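A.B. asks: The structure's right below; bear with me while I get my questions together.
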Amino acid sequence: MAAELVRGQNHPLAQTRLEIRVSAGRPVVAGATLADDRGTVRGPEHVAHPGAPALPGLEVPRQAAADHRLAVDLDAMPPDVHRVTVLLALPAGTGGPTRFGAVAAPFVAVTGLDGTEVASYTITDLDTESAVTALELYRRQGAWKVRAIGQGYAEGLAALFADQGLPDARALAGAVQDAVAQGLARTVASPPRPADEAQVRAAATAGHA
């Protein structure tokens, strides 16, 4: 039976190949950080985000969306990784909501590859925060567990990254939001090309034949 977690609660993980599913109601950025046994993320190369979506044992979506699936293979994690923290952030500069208090509470679920839910967490009590650490998968005495976190940051991704010990946290946060903006720009449909004049004449001629 799936565990419905509350903030701070943990649950053992019997499987190592997992999906993390996010449902937010509005487009959000999804990413993850890989930390050592002290909870420190040593550099931007340990952060998976839309601009760098794949790391060993981890893949995150390339664009902001209302629903996400993150792929995790805990057996493929480097041995110095003891904590995988899933983060969510509101995309900047899109004209959408700028704080999680203005949107529906995000729902996060850990599932097996067959879709069977292992644990879930609804992130409540957010207000001015524009970024949040949703949950973490952590290694303890050779076994993995999931813990509900729900720590929000009113100053956004820069504050979240700084809290995890990342150097140049503000620059990394900017790079993430730039990658999201580029992804949104690619999804905008290009205007239809004007029909070729010769094709138009040919069609008109055929119509009068």
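All residue names refer to the structure tokens as shown: chains lettered A, B, ... in order, residues numbered from 1 in each chain, ligands numbered from 1 in order.
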Quick one: residues within 7 Å of Glu129 of chain A, only C-alpha atoms counted, chain neighbours fewer than 3 positions away excluded, as a list in words?

C.D. replies: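 Listed by chain and then number, they are Arg99, Phe100, Leu126, Gly152, Tyr153, Ala154 and Gly156 of chain A.
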
A.B. asks: Run DSSP on the backbone and grab whatever in segment 31-147 of chain A lands in helix (DSSP H, G or I); send it over as a ChimeraX atom specification.

C.D. replies: /A:44-46,74-76,100-102

A.B. asks: Return as a VMD selection string the full set of residues in chain A whose backbone-based DSSP assignment is strand (DSSP E or B).

C.D. replies: chain A and resid 3 to 5 10 to 12 17 to 35 47 to 49 52 54 to 55 58 to 59 65 to 73 83 to 89 107 to 112 117 to 122 131 to 140 143 to 153

A.B. asks: Quick one: of A:Leu58, A:Val81, A:Val28, A:Pro53, who's nearest to Pro97 of chain A, counting only C-alpha atoms?

C.D. replies: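 Ranking A:Leu58, A:Val81, A:Val28, A:Pro53 by distance to Pro97 of chain A, first place goes to A:Val28.
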
A.B. asks: Could you pull the residues within 6 Å of Pro106 of chain A, counting only C-alpha atoms, minus those fewer than 5 positions along the same chain, as a list in words?

C.D. replies: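 Those residues are Ser23, Ala24, Thr122 and Ile123 of chain A.
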
A.B. asks: Any chance you can output those residues with N, CA, C and O atoms as a tab-separated table (two decimals), in the first residue's frame?

C.D. replies:
chain	number	residue	atom	x	y	z
A	23	SER	N	2.62	16.71	-10.24
A	23	SER	CA	1.42	17.33	-10.78
A	23	SER	C	1.22	18.65	-10.05
A	23	SER	O	1.07	18.67	-8.83
A	24	ALA	N	1.25	19.75	-10.83
A	24	ALA	CA	1.23	21.06	-10.18
A	24	ALA	C	0.06	21.94	-10.63
A	24	ALA	O	-0.15	23.00	-10.05
A	122	THR	N	1.78	15.75	-0.79
A	122	THR	CA	1.18	16.99	-1.26
A	122	THR	C	1.83	18.14	-0.50
A	122	THR	O	1.79	18.17	0.74
A	123	ILE	N	2.45	19.07	-1.24
A	123	ILE	CA	3.23	20.14	-0.61
A	123	ILE	C	2.30	21.30	-0.27
A	123	ILE	O	1.93	22.11	-1.13

A.B. asks: With distances taken over only C-alpha atoms, which residue among A:Ala35, A:Val86, A:Val110, A:Ile20 lies nearest Glu136 of chain A?

C.D. replies: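 Smallest separation from Glu136 of chain A among the options: A:Val86.
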
A.B. asks: Can you tell me which residues surround Asp73 of chain A at a distance of at most 6 Å, considering only C-alpha atoms, apart from same-chain residues fewer than 3 positions away, and format the answer as a ChimeraX atom specification?

C.D. replies: /A:16-17,57,76
